[in-house]
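Structure file data18.cif (mmCIF, C-alpha atoms) is printed below.
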```
data_my_file
#
loop_
_atom_site.group_PDB
_atom_site.id
_atom_site.type_symbol
_atom_site.label_atom_id
_atom_site.label_comp_id
_atom_site.auth_asym_id
_atom_site.auth_seq_id
_atom_site.Cartn_x
_atom_site.Cartn_y
_atom_site.Cartn_z
ATOM 1 C CA MET A 1 -164.257 107.460 -193.771
ATOM 2 C CA THR A 2 -162.404 106.939 -196.990
ATOM 3 C CA ARG A 3 -159.183 105.042 -197.121
ATOM 4 C CA ARG A 4 -156.585 106.116 -199.575
ATOM 5 C CA PRO A 5 -153.931 103.438 -199.229
ATOM 6 C CA TYR A 6 -150.621 104.230 -200.798
ATOM 7 C CA ILE A 7 -150.021 102.021 -203.789
ATOM 8 C CA ARG A 8 -146.421 101.976 -204.866
ATOM 9 C CA PRO A 9 -146.345 102.607 -208.581
ATOM 10 C CA VAL A 10 -144.815 99.669 -210.460
ATOM 11 C CA ARG A 11 -144.243 99.819 -214.174
ATOM 12 C CA ARG A 12 -146.126 96.856 -215.579
ATOM 13 C CA TYR A 13 -143.795 95.996 -218.475
ATOM 14 C CA SER A 14 -140.435 97.504 -217.586
ATOM 15 C CA TRP A 15 -140.179 97.110 -213.780
ATOM 16 C CA TRP A 16 -137.237 94.733 -214.193
ATOM 17 C CA LEU A 17 -135.070 97.493 -215.696
ATOM 18 C CA SER A 18 -135.038 99.433 -212.423
ATOM 19 C CA GLN A 19 -132.379 97.352 -210.639
ATOM 20 C CA PRO A 20 -129.396 95.283 -211.851
ATOM 21 C CA ARG A 21 -130.529 92.235 -209.902
ATOM 22 C CA TYR A 22 -133.962 92.415 -211.520
ATOM 23 C CA VAL A 23 -132.208 92.503 -214.890
ATOM 24 C CA ARG A 24 -130.175 89.416 -213.912
ATOM 25 C CA TYR A 25 -133.392 87.725 -212.810
ATOM 26 C CA MET A 26 -135.008 88.540 -216.157
ATOM 27 C CA LEU A 27 -131.949 87.267 -218.069
ATOM 28 C CA ARG A 28 -132.234 84.003 -216.137
ATOM 29 C CA GLU A 29 -135.913 83.721 -216.993
ATOM 30 C CA VAL A 30 -135.351 84.651 -220.645
ATOM 31 C CA SER A 31 -132.800 81.827 -220.922
ATOM 32 C CA ALA A 32 -135.903 79.650 -221.376
ATOM 33 C CA VAL A 33 -136.591 81.365 -224.728
ATOM 34 C CA PHE A 34 -133.248 80.183 -226.086
ATOM 35 C CA ILE A 35 -133.265 76.823 -224.318
ATOM 36 C CA GLY A 36 -136.757 76.120 -225.653
ATOM 37 C CA SER A 37 -136.107 77.317 -229.200
ATOM 38 C CA TYR A 38 -132.814 75.428 -229.366
ATOM 39 C CA THR A 39 -134.558 72.225 -228.295
ATOM 40 C CA LEU A 40 -137.206 72.801 -230.973
ATOM 41 C CA MET A 41 -134.388 73.312 -233.477
ATOM 42 C CA LEU A 42 -132.926 69.930 -232.454
ATOM 43 C CA ILE A 43 -136.331 68.343 -233.112
ATOM 44 C CA VAL A 44 -136.291 69.921 -236.584
ATOM 45 C CA GLY A 45 -132.871 68.301 -237.024
ATOM 46 C CA LEU A 46 -134.315 64.905 -236.045
ATOM 47 C CA LEU A 47 -137.129 65.456 -238.528
ATOM 48 C CA ARG A 48 -134.698 66.332 -241.308
ATOM 49 C CA LEU A 49 -132.603 63.287 -240.388
ATOM 50 C CA SER A 50 -135.655 61.056 -240.823
ATOM 51 C CA GLN A 51 -136.246 62.553 -244.295
ATOM 52 C CA GLY A 52 -132.971 61.216 -245.654
ATOM 53 C CA PRO A 53 -129.377 62.266 -246.372
ATOM 54 C CA ALA A 54 -130.217 65.248 -248.635
ATOM 55 C CA ALA A 55 -132.611 66.852 -246.135
ATOM 56 C CA TYR A 56 -130.164 66.223 -243.302
ATOM 57 C CA GLU A 57 -127.354 67.752 -245.359
ATOM 58 C CA SER A 58 -129.307 70.989 -245.825
ATOM 59 C CA PHE A 59 -129.990 71.080 -242.079
ATOM 60 C CA LEU A 60 -126.250 70.741 -241.360
ATOM 61 C CA ASN A 61 -125.562 73.561 -243.827
ATOM 62 C CA ALA A 62 -128.050 75.805 -242.027
ATOM 63 C CA VAL A 63 -126.371 74.972 -238.698
ATOM 64 C CA GLN A 64 -122.999 76.043 -240.124
ATOM 65 C CA SER A 65 -124.259 79.297 -241.636
ATOM 66 C CA THR A 66 -123.396 82.577 -239.937
ATOM 67 C CA ALA A 67 -126.947 82.884 -238.610
ATOM 68 C CA GLY A 68 -126.859 79.293 -237.367
ATOM 69 C CA VAL A 69 -123.540 79.733 -235.560
ATOM 70 C CA THR A 70 -124.689 83.037 -234.027
ATOM 71 C CA LEU A 71 -127.894 81.454 -232.698
ATOM 72 C CA SER A 72 -125.905 78.492 -231.376
ATOM 73 C CA LEU A 73 -123.498 80.820 -229.602
ATOM 74 C CA ILE A 74 -126.303 82.862 -228.003
ATOM 75 C CA SER A 75 -128.071 79.635 -226.958
ATOM 76 C CA PHE A 76 -124.809 78.286 -225.536
ATOM 77 C CA ILE A 77 -124.242 81.434 -223.445
ATOM 78 C CA PHE A 78 -127.804 81.359 -222.100
ATOM 79 C CA ALA A 79 -127.550 77.613 -221.416
ATOM 80 C CA LEU A 80 -124.372 78.203 -219.415
ATOM 81 C CA TYR A 81 -126.047 81.082 -217.570
ATOM 82 C CA HIS A 82 -128.909 78.720 -216.775
ATOM 83 C CA SER A 83 -126.406 76.197 -215.339
ATOM 84 C CA VAL A 84 -124.725 78.906 -213.237
ATOM 85 C CA THR A 85 -128.020 80.167 -211.804
ATOM 86 C CA TRP A 86 -129.545 76.692 -211.393
ATOM 87 C CA PHE A 87 -126.549 75.268 -209.500
ATOM 88 C CA GLY A 88 -126.302 78.542 -207.589
ATOM 89 C CA VAL A 89 -129.711 78.113 -205.946
ATOM 90 C CA THR A 90 -129.366 74.401 -205.094
ATOM 91 C CA PRO A 91 -127.883 75.068 -201.609
ATOM 92 C CA LYS A 92 -131.023 77.108 -200.886
ATOM 93 C CA ALA A 93 -133.490 74.800 -202.634
ATOM 94 C CA MET A 94 -131.973 71.604 -201.235
ATOM 95 C CA PRO A 95 -129.955 72.429 -198.115
ATOM 96 C CA LEU A 96 -127.917 69.395 -197.061
ATOM 97 C CA ARG A 97 -126.927 68.361 -193.549
ATOM 98 C CA MET A 98 -124.268 65.784 -192.768
ATOM 99 C CA GLY A 99 -123.435 64.622 -189.275
ATOM 100 C CA GLY A 100 -125.665 67.343 -187.831
ATOM 101 C CA LYS A 101 -123.792 70.062 -189.674
ATOM 102 C CA ALA A 102 -124.907 72.061 -192.666
ATOM 103 C CA VAL A 103 -122.840 71.301 -195.760
ATOM 104 C CA PRO A 104 -121.254 74.583 -196.953
ATOM 105 C CA PRO A 105 -123.042 75.998 -200.024
ATOM 106 C CA ALA A 106 -119.758 76.120 -201.976
ATOM 107 C CA ILE A 107 -119.375 72.331 -201.587
ATOM 108 C CA ILE A 108 -122.909 71.686 -202.889
ATOM 109 C CA VAL A 109 -122.435 74.024 -205.863
ATOM 110 C CA GLY A 110 -118.955 72.622 -206.534
ATOM 111 C CA ALA A 111 -120.249 69.052 -206.521
ATOM 112 C CA HIS A 112 -122.815 70.048 -209.161
ATOM 113 C CA TRP A 113 -120.098 71.511 -211.383
ATOM 114 C CA LEU A 114 -118.047 68.350 -210.959
ATOM 115 C CA VAL A 115 -120.985 66.240 -212.153
ATOM 116 C CA TRP A 116 -121.538 68.806 -214.930
ATOM 117 C CA ALA A 117 -117.937 68.375 -216.091
ATOM 118 C CA ILE A 118 -118.223 64.575 -216.133
ATOM 119 C CA ALA A 119 -121.591 64.674 -217.937
ATOM 120 C CA SER A 120 -120.228 67.152 -220.491
ATOM 121 C CA LEU A 121 -117.207 64.954 -221.147
ATOM 122 C CA LEU A 122 -119.407 61.876 -221.613
ATOM 123 C CA ILE A 123 -121.641 63.744 -224.070
ATOM 124 C CA LEU A 124 -118.633 64.989 -226.060
ATOM 125 C CA LEU A 125 -117.237 61.437 -226.177
ATOM 126 C CA TRP A 126 -120.623 59.983 -227.171
ATOM 127 C CA VAL A 127 -121.022 62.435 -230.029
ATOM 128 C CA GLY A 128 -117.477 61.522 -230.988
ATOM 129 C CA VAL A 129 -115.442 64.686 -230.674
ATOM 130 C CA MET B 1 -156.007 69.179 -198.291
ATOM 131 C CA ALA B 2 -157.006 70.736 -201.567
ATOM 132 C CA SER B 3 -155.666 68.851 -204.502
ATOM 133 C CA SER B 4 -153.573 70.756 -207.000
ATOM 134 C CA ASN B 5 -151.556 69.904 -210.054
ATOM 135 C CA LYS B 6 -148.876 72.368 -208.976
ATOM 136 C CA PRO B 7 -146.453 69.784 -207.481
ATOM 137 C CA VAL B 8 -146.436 67.787 -210.729
ATOM 138 C CA VAL B 9 -145.967 70.888 -212.867
ATOM 139 C CA TRP B 10 -143.159 72.073 -210.646
ATOM 140 C CA ALA B 11 -141.460 68.661 -210.357
ATOM 141 C CA LEU B 12 -141.285 68.411 -214.156
ATOM 142 C CA PHE B 13 -140.016 71.986 -214.329
ATOM 143 C CA ALA B 14 -137.292 71.197 -211.795
ATOM 144 C CA ALA B 15 -136.355 67.927 -213.494
ATOM 145 C CA GLY B 16 -136.066 69.677 -216.866
ATOM 146 C CA GLY B 17 -134.130 72.576 -215.380
ATOM 147 C CA THR B 18 -131.683 70.221 -213.674
ATOM 148 C CA LEU B 19 -131.215 68.148 -216.809
ATOM 149 C CA ALA B 20 -130.706 71.287 -218.925
ATOM 150 C CA ALA B 21 -128.174 72.669 -216.449
ATOM 151 C CA PHE B 22 -126.129 69.453 -216.603
ATOM 152 C CA VAL B 23 -126.287 68.536 -220.290
ATOM 153 C CA LEU B 24 -127.378 71.438 -222.495
ATOM 154 C CA PRO B 25 -124.089 73.385 -222.795
ATOM 155 C CA ALA B 26 -122.307 70.197 -223.893
ATOM 156 C CA ILE B 27 -125.138 69.286 -226.275
ATOM 157 C CA ILE B 28 -125.092 72.718 -227.904
ATOM 158 C CA PHE B 29 -121.319 72.643 -228.166
ATOM 159 C CA SER B 30 -121.014 69.147 -229.584
ATOM 160 C CA LEU B 31 -124.029 69.171 -231.925
ATOM 161 C CA THR B 32 -123.927 72.653 -233.450
ATOM 162 C CA LEU B 33 -121.586 75.280 -231.998
ATOM 163 C CA GLY B 34 -118.343 73.280 -232.171
ATOM 164 C CA VAL B 35 -119.130 72.104 -235.689
ATOM 165 C CA GLY B 36 -120.105 75.611 -236.791
ATOM 166 C CA LEU B 37 -116.870 77.060 -235.430
ATOM 167 C CA GLY B 38 -114.873 74.292 -237.095
ATOM 168 C CA TRP B 39 -113.577 72.872 -233.803
ATOM 169 C CA ILE B 40 -115.378 69.565 -234.233
ATOM 170 C CA PRO B 41 -115.066 67.538 -237.444
ATOM 171 C CA LEU B 42 -118.289 67.454 -239.434
ATOM 172 C CA GLU B 43 -117.864 63.691 -239.914
ATOM 173 C CA SER B 44 -118.886 63.160 -236.283
ATOM 174 C CA LEU B 45 -122.378 64.306 -237.328
ATOM 175 C CA SER B 46 -122.535 62.495 -240.675
ATOM 176 C CA TYR B 47 -125.895 61.045 -241.732
ATOM 177 C CA GLU B 48 -124.826 57.406 -241.349
ATOM 178 C CA ARG B 49 -123.152 57.956 -238.000
ATOM 179 C CA THR B 50 -126.068 59.952 -236.562
ATOM 180 C CA VAL B 51 -128.698 57.435 -237.678
ATOM 181 C CA ALA B 52 -126.567 54.567 -236.341
ATOM 182 C CA GLY B 53 -126.072 56.384 -233.048
ATOM 183 C CA LEU B 54 -129.830 56.745 -232.580
ATOM 184 C CA GLN B 55 -130.672 53.041 -233.130
ATOM 185 C CA SER B 56 -130.299 51.759 -229.569
ATOM 186 C CA PRO B 57 -133.286 52.016 -227.210
ATOM 187 C CA PHE B 58 -131.012 53.727 -224.681
ATOM 188 C CA ALA B 59 -130.118 56.492 -227.136
ATOM 189 C CA LYS B 60 -133.769 56.986 -228.109
ATOM 190 C CA LEU B 61 -134.775 57.125 -224.443
ATOM 191 C CA ALA B 62 -132.000 59.611 -223.633
ATOM 192 C CA VAL B 63 -132.978 61.889 -226.520
ATOM 193 C CA ILE B 64 -136.680 61.777 -225.696
ATOM 194 C CA ALA B 65 -135.984 62.475 -222.000
ATOM 195 C CA VAL B 66 -133.830 65.473 -222.867
ATOM 196 C CA VAL B 67 -136.353 66.848 -225.363
ATOM 197 C CA VAL B 68 -139.511 66.353 -223.282
ATOM 198 C CA LEU B 69 -138.146 67.530 -219.940
ATOM 199 C CA ILE B 70 -136.223 70.528 -221.278
ATOM 200 C CA LEU B 71 -139.157 71.649 -223.446
ATOM 201 C CA TRP B 72 -141.441 71.410 -220.424
ATOM 202 C CA HIS B 73 -138.961 73.369 -218.313
ATOM 203 C CA ALA B 74 -138.730 76.157 -220.899
ATOM 204 C CA ALA B 75 -142.509 76.223 -221.452
ATOM 205 C CA HIS B 76 -143.253 76.513 -217.743
ATOM 206 C CA ARG B 77 -140.626 79.166 -217.128
ATOM 207 C CA LEU B 78 -141.905 81.221 -220.096
ATOM 208 C CA ARG B 79 -145.465 80.952 -218.814
ATOM 209 C CA ILE B 80 -144.444 82.356 -215.416
ATOM 210 C CA THR B 81 -142.234 85.005 -217.036
ATOM 211 C CA ALA B 82 -145.093 86.168 -219.263
ATOM 212 C CA HIS B 83 -146.929 87.123 -216.075
ATOM 213 C CA ASP B 84 -143.809 88.917 -214.786
ATOM 214 C CA LEU B 85 -143.728 90.887 -218.033
ATOM 215 C CA GLY B 86 -147.282 92.108 -217.626
ATOM 216 C CA VAL B 87 -149.051 89.533 -219.804
ATOM 217 C CA TYR B 88 -151.896 88.319 -217.594
ATOM 218 C CA ALA B 89 -153.797 86.152 -220.091
ATOM 219 C CA ASP B 90 -152.588 82.976 -218.383
ATOM 220 C CA GLY B 91 -155.046 80.681 -220.161
ATOM 221 C CA LEU B 92 -153.802 81.703 -223.581
ATOM 222 C CA VAL B 93 -150.150 81.755 -222.475
ATOM 223 C CA MET B 94 -150.543 78.252 -221.013
ATOM 224 C CA LEU B 95 -152.080 76.983 -224.223
ATOM 225 C CA ILE B 96 -149.257 78.403 -226.344
ATOM 226 C CA CYS B 97 -146.351 77.389 -224.061
ATOM 227 C CA TYR B 98 -147.506 73.903 -223.059
ATOM 228 C CA GLY B 99 -149.036 73.363 -226.513
ATOM 229 C CA ILE B 100 -145.759 73.959 -228.346
ATOM 230 C CA ALA B 101 -143.892 71.821 -225.818
ATOM 231 C CA ALA B 102 -146.406 68.991 -226.256
ATOM 232 C CA LEU B 103 -146.326 69.169 -230.066
ATOM 233 C CA GLY B 104 -142.519 69.190 -230.104
ATOM 234 C CA SER B 105 -142.396 66.219 -227.738
ATOM 235 C CA ILE B 106 -144.870 64.221 -229.820
ATOM 236 C CA ALA B 107 -142.977 65.031 -233.032
ATOM 237 C CA ALA B 108 -139.672 63.929 -231.487
ATOM 238 C CA PHE B 109 -141.293 60.720 -230.206
ATOM 239 C CA ILE B 110 -142.743 59.799 -233.612
ATOM 240 C CA VAL B 111 -139.535 60.610 -235.506
ATOM 241 C CA LEU B 112 -137.360 58.648 -233.054
ATOM 242 C CA LEU B 113 -139.594 55.585 -233.281
ATOM 243 C CA GLY B 114 -139.336 55.660 -237.075
ATOM 244 C CA LEU B 115 -135.558 56.009 -237.261
#
```
Structure re-expressed in structure tokens:
Amino acid sequence: MTRRPYIRPVRRYSWWLSQPRYVRYMLREVSAVFIGSYTLMLIVGLLRLSQGPAAYESFLNAVQSTAGVTLSLISFIFALYHSVTWFGVTPKAMPLRMGGKAVPPAIIVGAHWLVWAIASLLILLWVGV
Amino acid sequence: MASSNKPVVWALFAAGGTLAAFVLPAIIFSLTLGVGLGWIPLESLSYERTVAGLQSPFAKLAVIAVVVLILWHAAHRLRITAHDLGVYADGLVMLICYGIAALGSIAAFIVLLGL
């Protein structure tokens, strides 16, 4: 007897285009491209800094160029999207119970954004805005 | 119980993801975007000020933690996503993703020590 199990056809490369939530999932995953490349760019900045004022100056000029600002903006948007999605899953990844009751997800997510706001402020102050 | 390096890989991924979620938007804004848009004075990133700001062991440690953990997070997520996108050569993908993350981390470490 031969079995002919039904195998649902799935497009190997473009399956994620078939539903909006798959697209959102893929955007979340792709944030790593920008987060990773931005971090590498910061390392290049450190390297240029160690090479002296002239090298560092040319790095700062590149950062302020149209291409530099555009890349920064795209990285910023993806970094924010990463924060939104990362904080969004914490109630599921780390459910919290207090006094025998589950802490509402909105409280857990809100607490993360509160810490985010404080951390962001400290970073801005440290850099000297 | 079979031993696996998965918990370590995932713990570093989670640590980097959490750190990135908390600090990366502010880092991008204060180090490049705000300056590029002209909202932050360029003097805050002057050569002297930046070198001086990176002298303390705490600053070096903070920078290296951010760089290493966030690079690892991105590398791991890209490795998994490559599979989602139909690239099944995990050995090669691993080598490229973790390799770049490791090289970047080592470079940052060496440069920071020399500053």
Picked residues, the PyMOL selection byres ((chain A) within 6 of (chain B)), as a ChimeraX atom specification = /A:12-13,32,36,43,53,64,69,72,76,79-80,83,116,120,124,128
Quote the spacing between atom CA of B:Ile106 and atom CA of A:Arg48 in Å to one decimal place.
->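 Spanning atom CA of B:Ile106 to atom CA of A:Arg48 is a straight-line distance of 15.5 Å.
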Find the residues around stretch 110-114 of chain A up to 7 Å (all atoms listed in the file counted), leave out those fewer than 4 positions away in its own chain, and share them as number ranges by chain.
-> A: 87, 106, 118
Take atom CA of A:Ile123 and atom CA of A:Thr85 and report the distance between them in Å, one decimal.
->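 Atom CA of A:Ile123 sits 21.5 Å away from atom CA of A:Thr85.
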Convert the output of the PyMOL selection byres ((chain A and resi 59) around 12) on the shown file into explicit residues, formatted as number ranges by chain.
-> A: 41-58, 60-65, 68; B: 31-32, 45-47
What gap, in Å, lies between atom CA of A:Glu29 and atom CA of A:Val127?
->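 One can read the atom CA of A:Glu29 to atom CA of A:Val127 distance as 29.1 Å.
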For stretch 9-13 of chain B, take all atoms listed in the file, fit an axis-aligned box around them, add 8 Å to each of the six sides, then output centre and edge lengths in Å rounded to one decimal, as JSON.
```
{"center_x": -143.0, "center_y": 70.2, "center_z": -212.3, "size_x": 22.0, "size_y": 19.7, "size_z": 20.0}
```
Long-range neighbours of stretch 93-96 of chain A as a PyMOL selection string, 9 Å cut-off, all atoms listed in the file, 6 positions minimum in chain = chain A and resi 102-105+108
